[in-house]
$ cat protein.csv   # CSV, C-alpha atoms
chain,number,residue,atom,x,y,z
A,1,THR,CA,-86.8,-6.4,-61.3
A,2,GLN,CA,-86.7,-9.9,-62.7
A,3,GLU,CA,-83.3,-9.2,-64.4
A,4,LYS,CA,-81.8,-7.9,-61.2
A,5,ILE,CA,-83.0,-11.0,-59.3
A,6,LYS,CA,-81.5,-13.3,-62.0
A,7,ALA,CA,-78.2,-11.4,-61.9
A,8,GLU,CA,-78.0,-11.6,-58.1
A,9,SER,CA,-78.8,-15.3,-58.3
A,10,GLU,CA,-76.1,-15.9,-60.9
A,11,MET,CA,-73.6,-14.0,-58.8
A,12,GLU,CA,-74.5,-16.0,-55.7
A,13,ARG,CA,-74.0,-19.2,-57.7
A,14,MET,CA,-70.6,-18.1,-58.9
A,15,ARG,CA,-69.6,-17.2,-55.3
A,16,ALA,CA,-70.6,-20.7,-54.1
A,17,ASN,CA,-68.6,-22.3,-56.9
A,18,LEU,CA,-65.6,-20.1,-56.2
A,19,LEU,CA,-65.8,-21.0,-52.5
A,20,ARG,CA,-66.0,-24.8,-53.2
A,21,ALA,CA,-63.2,-24.7,-55.8
A,22,VAL,CA,-60.9,-22.6,-53.6
A,23,SER,CA,-61.5,-24.6,-50.5
A,24,HIS,CA,-60.5,-27.8,-52.4
A,25,ASP,CA,-57.5,-26.2,-54.1
A,26,LEU,CA,-56.1,-24.5,-51.0
A,27,ARG,CA,-56.2,-27.7,-49.0
A,28,THR,CA,-53.7,-29.5,-51.2
A,29,PRO,CA,-50.7,-27.1,-50.9
A,30,LEU,CA,-51.5,-26.4,-47.3
A,31,THR,CA,-51.5,-30.2,-46.5
A,32,SER,CA,-48.2,-30.5,-48.4
A,33,ILE,CA,-46.7,-27.5,-46.5
A,34,TYR,CA,-47.7,-29.1,-43.2
A,35,GLY,CA,-46.3,-32.4,-44.1
A,36,SER,CA,-43.0,-31.1,-45.3
A,37,THR,CA,-42.4,-28.8,-42.3
A,38,SER,CA,-43.4,-31.6,-39.9
A,39,ALA,CA,-40.9,-33.9,-41.6
A,40,VAL,CA,-38.1,-31.3,-41.2
A,41,ILE,CA,-39.0,-30.5,-37.6
A,42,GLU,CA,-39.3,-34.2,-36.5
A,43,ASN,CA,-36.4,-35.6,-38.5
A,44,TYR,CA,-34.0,-32.7,-38.9
A,45,ASP,CA,-30.9,-34.4,-37.4
A,46,ASN,CA,-31.6,-37.7,-39.3
A,47,LEU,CA,-32.1,-36.0,-42.7
A,48,SER,CA,-29.3,-35.0,-45.0
A,49,LYS,CA,-28.8,-31.3,-46.0
A,50,GLU,CA,-30.1,-32.2,-49.4
A,51,GLN,CA,-33.2,-33.8,-48.0
A,52,ASN,CA,-34.0,-30.9,-45.8
A,53,LEU,CA,-33.4,-28.4,-48.7
A,54,LYS,CA,-35.7,-30.5,-50.9
A,55,LEU,CA,-38.5,-30.4,-48.3
A,56,LEU,CA,-38.0,-26.7,-47.7
A,57,GLY,CA,-38.0,-26.1,-51.5
A,58,ASP,CA,-41.3,-27.8,-51.8
A,59,VAL,CA,-42.7,-25.6,-49.0
A,60,GLN,CA,-41.4,-22.5,-50.9
A,61,LYS,CA,-43.0,-23.7,-54.2
A,62,ASP,CA,-46.4,-24.3,-52.5
A,63,SER,CA,-46.2,-21.0,-50.7
A,64,GLN,CA,-45.6,-19.1,-53.9
A,65,TRP,CA,-48.5,-20.9,-55.5
A,66,LEU,CA,-50.8,-19.9,-52.6
A,67,ILE,CA,-49.6,-16.3,-52.8
A,68,HIS,CA,-50.4,-16.1,-56.5
A,69,MET,CA,-53.8,-17.8,-56.0
A,70,VAL,CA,-54.7,-15.3,-53.3
A,71,GLU,CA,-53.6,-12.4,-55.6
A,72,ASN,CA,-55.9,-13.7,-58.4
A,73,LEU,CA,-58.8,-14.3,-56.0
A,74,LEU,CA,-58.6,-10.8,-54.6
A,75,SER,CA,-58.5,-9.4,-58.1
A,76,VAL,CA,-61.5,-11.6,-59.2
A,77,THR,CA,-63.6,-10.5,-56.3
A,78,ARG,CA,-62.7,-6.8,-56.8
A,79,ILE,CA,-63.4,-6.8,-60.6
A,80,ASP,CA,-66.6,-8.9,-60.3
A,81,SER,CA,-67.9,-6.5,-57.7
A,82,SER,CA,-66.9,-3.4,-59.8
A,83,LYS,CA,-64.6,-2.2,-57.0
A,84,VAL,CA,-61.6,-1.8,-59.2
A,85,SER,CA,-60.8,1.3,-61.2
A,86,LEU,CA,-58.2,1.8,-63.9
A,87,SER,CA,-55.2,4.1,-63.2
A,88,LYS,CA,-53.9,4.5,-66.8
A,89,THR,CA,-50.5,6.0,-67.6
A,90,MET,CA,-48.3,5.8,-70.7
A,91,VAL,CA,-46.1,2.8,-70.1
A,92,VAL,CA,-43.1,1.6,-72.1
A,93,LEU,CA,-43.9,-2.0,-72.9
A,94,GLU,CA,-40.2,-3.1,-72.8
A,95,GLU,CA,-39.9,-1.8,-69.2
A,96,LEU,CA,-43.1,-3.5,-68.2
A,97,ILE,CA,-42.0,-6.9,-69.7
A,98,ASP,CA,-38.7,-6.6,-67.9
A,99,SER,CA,-40.5,-6.1,-64.6
A,100,VAL,CA,-42.8,-9.1,-65.3
A,101,LEU,CA,-39.9,-11.4,-66.2
A,102,VAL,CA,-38.1,-10.6,-63.0
A,103,LYS,CA,-41.1,-11.8,-61.0
A,104,PHE,CA,-41.7,-14.7,-63.4
A,105,LYS,CA,-38.1,-16.0,-63.1
A,106,LYS,CA,-38.5,-16.1,-59.3
A,107,ARG,CA,-41.6,-18.3,-59.7
A,108,CYS,CA,-40.4,-20.4,-62.7
A,109,PRO,CA,-36.5,-20.1,-62.6
A,110,GLU,CA,-36.0,-23.1,-65.0
A,111,GLN,CA,-38.3,-21.8,-67.8
A,112,GLU,CA,-36.5,-20.2,-70.8
A,113,VAL,CA,-38.3,-17.1,-72.2
A,114,ILE,CA,-37.2,-15.6,-75.5
A,115,VAL,CA,-38.2,-11.9,-75.9
A,116,GLU,CA,-38.4,-10.1,-79.3
A,117,ILE,CA,-39.1,-6.4,-79.0
A,118,PRO,CA,-38.8,-3.7,-81.7
A,119,ASP,CA,-35.9,-1.3,-81.6
A,120,ASP,CA,-38.2,1.7,-81.2
A,121,PHE,CA,-39.8,2.3,-77.8
A,122,VAL,CA,-43.4,1.1,-77.8
A,123,SER,CA,-45.7,2.7,-75.2
A,124,ILE,CA,-49.4,2.2,-74.5
A,125,PRO,CA,-51.9,3.7,-72.0
A,126,MET,CA,-52.6,1.1,-69.3
A,127,ASP,CA,-52.9,0.4,-65.7
A,128,PRO,CA,-49.4,-1.2,-65.3
A,129,ILE,CA,-50.2,-3.1,-62.1
A,130,LEU,CA,-53.2,-4.9,-63.7
A,131,ILE,CA,-51.5,-5.5,-67.1
A,132,GLU,CA,-48.5,-6.9,-65.2
A,133,GLN,CA,-50.8,-9.4,-63.6
A,134,VAL,CA,-52.3,-10.2,-67.0
A,135,LEU,CA,-48.8,-11.0,-68.5
A,136,LEU,CA,-47.8,-13.1,-65.4
A,137,ASN,CA,-51.1,-15.1,-65.6
A,138,ILE,CA,-50.6,-15.8,-69.3
A,139,LEU,CA,-46.9,-16.8,-68.8
A,140,GLU,CA,-47.8,-19.1,-65.9
A,141,ASN,CA,-50.6,-20.6,-67.9
A,142,ALA,CA,-48.1,-21.2,-70.7
A,143,VAL,CA,-45.7,-23.0,-68.3
A,144,SER,CA,-48.5,-25.2,-66.9
A,145,TYR,CA,-49.2,-26.6,-70.4
A,146,ASN,CA,-45.7,-26.4,-71.9
A,147,LYS,CA,-43.9,-29.5,-73.1
A,148,THR,CA,-40.9,-30.6,-71.1
A,149,ASN,CA,-37.9,-28.4,-72.0
A,150,GLY,CA,-40.3,-26.3,-74.1
A,151,LYS,CA,-39.7,-22.7,-74.8
A,152,ILE,CA,-41.9,-19.6,-74.3
A,153,ARG,CA,-41.5,-16.7,-76.7
A,154,ILE,CA,-42.8,-13.1,-76.2
A,155,HIS,CA,-43.1,-11.2,-79.5
A,156,VAL,CA,-44.0,-7.5,-79.4
A,157,LYS,CA,-45.2,-5.7,-82.6
A,158,LYS,CA,-46.6,-2.3,-83.2
A,159,ASP,CA,-50.2,-3.4,-82.6
A,160,SER,CA,-49.9,-6.6,-80.5
A,161,CYS,CA,-48.1,-8.6,-77.9
A,162,THR,CA,-47.9,-12.4,-78.4
A,163,ILE,CA,-46.9,-15.1,-75.8
A,164,GLU,CA,-46.4,-18.5,-77.5
A,165,ASN,CA,-45.4,-21.8,-76.0
A,166,THR,CA,-44.6,-25.3,-77.3
A,167,ALA,CA,-47.6,-27.0,-75.9
A,168,ASP,CA,-49.9,-29.6,-77.4
A,169,ALA,CA,-52.8,-28.1,-79.3
A,170,ILE,CA,-56.0,-27.2,-77.5
A,171,ASN,CA,-59.1,-29.1,-78.5
A,172,GLU,CA,-61.2,-27.0,-80.9
A,173,ASP,CA,-64.2,-27.4,-78.6
A,174,ASP,CA,-62.2,-26.0,-75.7
A,175,LEU,CA,-61.0,-22.9,-77.5
A,176,THR,CA,-64.3,-21.1,-76.9
A,177,HIS,CA,-64.1,-21.9,-73.1
A,178,VAL,CA,-60.5,-21.0,-72.3
A,179,TYR,CA,-61.6,-17.7,-70.7
A,180,ASP,CA,-64.2,-19.3,-68.5
A,181,MET,CA,-63.7,-19.3,-64.7
A,182,PHE,CA,-62.2,-22.6,-63.5
A,183,PHE,CA,-62.0,-24.0,-67.0
A,184,THR,CA,-58.9,-26.1,-67.8
A,185,SER,CA,-58.5,-27.4,-71.3
A,186,ASN,CA,-57.6,-31.0,-72.1
A,187,LYS,CA,-56.5,-32.1,-68.6
A,188,SER,CA,-54.0,-34.5,-70.2
A,189,ARG,CA,-52.1,-31.5,-71.6
A,190,LYS,CA,-51.5,-30.0,-68.2
A,191,LYS,CA,-48.2,-30.4,-66.3
A,192,ASP,CA,-49.1,-28.3,-63.2
A,193,VAL,CA,-51.7,-30.2,-61.2
A,194,ASN,CA,-52.2,-27.1,-59.0
A,195,HIS,CA,-53.0,-24.9,-62.0
A,196,LYS,CA,-56.6,-23.5,-61.6
A,197,GLY,CA,-58.6,-21.9,-64.3
A,198,LEU,CA,-58.5,-18.4,-63.0
A,199,GLY,CA,-55.6,-16.9,-64.9
A,200,LEU,CA,-57.0,-16.5,-68.3
A,201,TYR,CA,-60.5,-15.6,-66.9
A,202,LEU,CA,-58.9,-12.7,-65.0
A,203,ALA,CA,-56.6,-11.7,-67.8
A,204,LYS,CA,-59.6,-11.4,-70.2
A,205,ARG,CA,-61.6,-9.4,-67.7
A,206,ILE,CA,-58.7,-6.9,-67.1
A,207,LEU,CA,-58.1,-6.6,-70.9
A,208,ASP,CA,-61.8,-6.0,-71.5
A,209,MET,CA,-61.6,-3.1,-69.0
A,210,HIS,CA,-58.8,-1.7,-71.1
A,211,LYS,CA,-60.8,-2.3,-74.3
A,212,LEU,CA,-58.0,-4.7,-75.5
A,213,ASN,CA,-58.6,-8.1,-77.1
A,214,LEU,CA,-57.2,-11.4,-76.1
A,215,ILE,CA,-57.1,-14.3,-78.6
A,216,ILE,CA,-55.9,-17.8,-77.8
A,217,GLU,CA,-55.2,-20.0,-80.7
A,218,ASN,CA,-53.2,-23.1,-81.9
A,219,THR,CA,-50.1,-22.6,-84.0
A,220,GLN,CA,-47.7,-25.0,-85.8
A,221,LEU,CA,-45.3,-24.8,-82.8
A,222,GLY,CA,-47.9,-24.9,-80.0
A,223,VAL,CA,-50.4,-22.4,-78.6
A,224,LYS,CA,-50.2,-18.6,-78.5
A,225,ALA,CA,-52.0,-15.8,-76.6
A,226,THR,CA,-52.2,-12.5,-78.5
A,227,ILE,CA,-53.1,-9.2,-76.9
A,228,GLN,CA,-54.4,-7.1,-79.7
A,229,THR,CA,-54.2,-3.4,-79.1
A,230,GLY,CA,-54.1,-1.4,-82.3
A,231,ASN,CA,-53.3,1.7,-80.3
A,232,TYR,CA,-49.6,1.3,-79.4
A,233,ARG,CA,-47.8,4.6,-79.8
A,234,LYS,CA,-44.1,4.9,-80.7
A,235,SER,CA,-42.1,7.3,-78.6
A,236,GLY,CA,-38.6,8.6,-78.4
$ encode --input "protein.csv" --output "structure tokens"
Amino acid sequence: TQEKIKAESEMERMRANLLRAVSHDLRTPLTSIYGSTSAVIENYDNLSKEQNLKLLGDVQKDSQWLIHMVENLLSVTRIDSSKVSLSKTMVVLEELIDSVLVKFKKRCPEQEVIVEIPDDFVSIPMDPILIEQVLLNILENAVSYNKTNGKIRIHVKKDSCTIENTADAINEDDLTHVYDMFFTSNKSRKKDVNHKGLGLYLAKRILDMHKLNLIIENTQLGVKATIQTGNYRKSG
């Protein structure tokens, strides 16, 4: 049918855009890794310990970014091809956030995160692996746009989970596009030049599968991302 042809054409266009964007984005960290490792190998005896550690640290940072990029790409291709299925279990949100922060601290060790969680256990039916990826993507997006020495706050309530940072406000025109694939709002706001607009796109798709809402909005302090659930259940 005409609709099927149109849908296949749109999917092919998205694949082509994805390939172009990814090819460009992967080249930058790979070139950096090659340059840093070459410098260490060729000049190891002439470089100080601090200089060698700095170059190896750059390699580690770029490698972490590549791993995260590949994780997101694999998830995007699985979700967009309908090859992913939810494996829901009742998950205590505090335990999930603790697990997310352990991974986040390895990727962003200098970023302070303030966590506010109710005294009562809060649990929700979810696919923990996918929701963990959602929270990591939102946190890393917050870091990319956060002001220098800015804070990130996670605030859990009975019917929502909010992640807020102290970033400059998003242009009103951009707010409707923050979930689009490859979209990056106000490039002047962004600290992380390697940040690619896949994180929020993927987070929105995963939350849609869970029938949960994601709202990005400006606040007096900065920008916040709120996952609205309405179906949290207290336990214990």
$ closest_residue --input "protein.csv" --among "A:Ser32, A:Thr229, A:Asn43, A:Asn171" --to "Glu217 of chain A" --atoms "all atoms listed in the file"
A:Asn171
$ atom_distance --input "protein.csv" --atom1 "atom CA of Gly222 of chain A" --atom2 "atom CA of Asn137 of chain A"
17.7 Å
$ atom_distance --input "protein.csv" --atom1 "atom CA of Gly150 of chain A" --atom2 "atom CA of Leu202 of chain A"
24.8 Å
$ closest_residue --input "protein.csv" --among "A:Leu198, A:Ile227, A:Leu47, A:Leu135" --to "Leu74 of chain A" --atoms "all atoms listed in the file"
A:Leu198
$ closest_atom_pairs --input "protein.csv" --of "segment 57-147 of chain A" --to "segment 204-210 of chain A" --cutoff "8 Å" --atoms "all atoms listed in the file" --output "tab-separated table"
residue	atom	partner	partner_atom	distance
A:Ile79	CA	A:Arg205	CA	7.8
A:Leu86	CA	A:Met209	CA	7.8
A:Met126	CA	A:His210	CA	7.0
A:Leu130	CA	A:Ile206	CA	6.8
A:Ile131	CA	A:Ile206	CA	7.3
A:Val134	CA	A:Ile206	CA	7.2
$ closest_residue --input "protein.csv" --among "A:His68, A:Arg27, A:Leu175, A:Leu53" --to "Ala39 of chain A" --atoms "all atoms listed in the file"
A:Leu53
$ residues_near_point --input "protein.csv" --point "(-45.5, -8.4, -76.2)" --cutoff "10 Å" --atoms "only C-alpha atoms" --output "PyMOL selection string"
chain A and resi 93-94+96-97+115-118+122+135+153-163+225-228
$ write_last_selection --input "protein.csv" --atoms "C-alpha atoms" --output "PDB file, in the coordinates of the input"
ATOM      1  CA  LEU A  93     -43.900  -2.000 -72.900  1.00  0.00           C
ATOM      2  CA  GLU A  94     -40.200  -3.100 -72.800  1.00  0.00           C
ATOM      3  CA  LEU A  96     -43.100  -3.500 -68.200  1.00  0.00           C
ATOM      4  CA  ILE A  97     -42.000  -6.900 -69.700  1.00  0.00           C
ATOM      5  CA  VAL A 115     -38.200 -11.900 -75.900  1.00  0.00           C
ATOM      6  CA  GLU A 116     -38.400 -10.100 -79.300  1.00  0.00           C
ATOM      7  CA  ILE A 117     -39.100  -6.400 -79.000  1.00  0.00           C
ATOM      8  CA  PRO A 118     -38.800  -3.700 -81.700  1.00  0.00           C
ATOM      9  CA  VAL A 122     -43.400   1.100 -77.800  1.00  0.00           C
ATOM     10  CA  LEU A 135     -48.800 -11.000 -68.500  1.00  0.00           C
ATOM     11  CA  ARG A 153     -41.500 -16.700 -76.700  1.00  0.00           C
ATOM     12  CA  ILE A 154     -42.800 -13.100 -76.200  1.00  0.00           C
ATOM     13  CA  HIS A 155     -43.100 -11.200 -79.500  1.00  0.00           C
ATOM     14  CA  VAL A 156     -44.000  -7.500 -79.400  1.00  0.00           C
ATOM     15  CA  LYS A 157     -45.200  -5.700 -82.600  1.00  0.00           C
ATOM     16  CA  LYS A 158     -46.600  -2.300 -83.200  1.00  0.00           C
ATOM     17  CA  ASP A 159     -50.200  -3.400 -82.600  1.00  0.00           C
ATOM     18  CA  SER A 160     -49.900  -6.600 -80.500  1.00  0.00           C
ATOM     19  CA  CYS A 161     -48.100  -8.600 -77.900  1.00  0.00           C
ATOM     20  CA  THR A 162     -47.900 -12.400 -78.400  1.00  0.00           C
ATOM     21  CA  ILE A 163     -46.900 -15.100 -75.800  1.00  0.00           C
ATOM     22  CA  ALA A 225     -52.000 -15.800 -76.600  1.00  0.00           C
ATOM     23  CA  THR A 226     -52.200 -12.500 -78.500  1.00  0.00           C
ATOM     24  CA  ILE A 227     -53.100  -9.200 -76.900  1.00  0.00           C
ATOM     25  CA  GLN A 228     -54.400  -7.100 -79.700  1.00  0.00           C
TER      26      GLN A 228
END
$ closest_residue --input "protein.csv" --among "A:Ser123, A:Asn149, A:Gln64, A:Asn141" --to "Arg107 of chain A" --atoms "only C-alpha atoms"
A:Gln64
$ residues_around --input "protein.csv" --residues "Glu112 of chain A" --least-positions-apart "6" --cutoff "12 Å" --atoms "all atoms listed in the file" --output "PDB file with C-alpha atoms, in the coordinates of the input"
ATOM      1  CA  LEU A 101     -39.900 -11.400 -66.200  1.00  0.00           C
ATOM      2  CA  PHE A 104     -41.700 -14.700 -63.400  1.00  0.00           C
ATOM      3  CA  LYS A 105     -38.100 -16.000 -63.100  1.00  0.00           C
ATOM      4  CA  LEU A 139     -46.900 -16.800 -68.800  1.00  0.00           C
ATOM      5  CA  ALA A 142     -48.100 -21.200 -70.700  1.00  0.00           C
ATOM      6  CA  VAL A 143     -45.700 -23.000 -68.300  1.00  0.00           C
ATOM      7  CA  ASN A 146     -45.700 -26.400 -71.900  1.00  0.00           C
ATOM      8  CA  THR A 148     -40.900 -30.600 -71.100  1.00  0.00           C
ATOM      9  CA  ASN A 149     -37.900 -28.400 -72.000  1.00  0.00           C
ATOM     10  CA  GLY A 150     -40.300 -26.300 -74.100  1.00  0.00           C
ATOM     11  CA  LYS A 151     -39.700 -22.700 -74.800  1.00  0.00           C
ATOM     12  CA  ILE A 152     -41.900 -19.600 -74.300  1.00  0.00           C
ATOM     13  CA  ARG A 153     -41.500 -16.700 -76.700  1.00  0.00           C
ATOM     14  CA  ILE A 154     -42.800 -13.100 -76.200  1.00  0.00           C
ATOM     15  CA  ASN A 165     -45.400 -21.800 -76.000  1.00  0.00           C
ATOM     16  CA  THR A 166     -44.600 -25.300 -77.300  1.00  0.00           C
TER      17      THR A 166
END
$ atom_distance --input "protein.csv" --atom1 "atom CA of Lys106 of chain A" --atom2 "atom CA of Met90 of chain A"
26.6 Å
$ closest_residue --input "protein.csv" --among "A:Glu3, A:Glu95, A:Asp168, A:Asp127" --to "Lys147 of chain A" --atoms "only C-alpha atoms"
A:Asp168
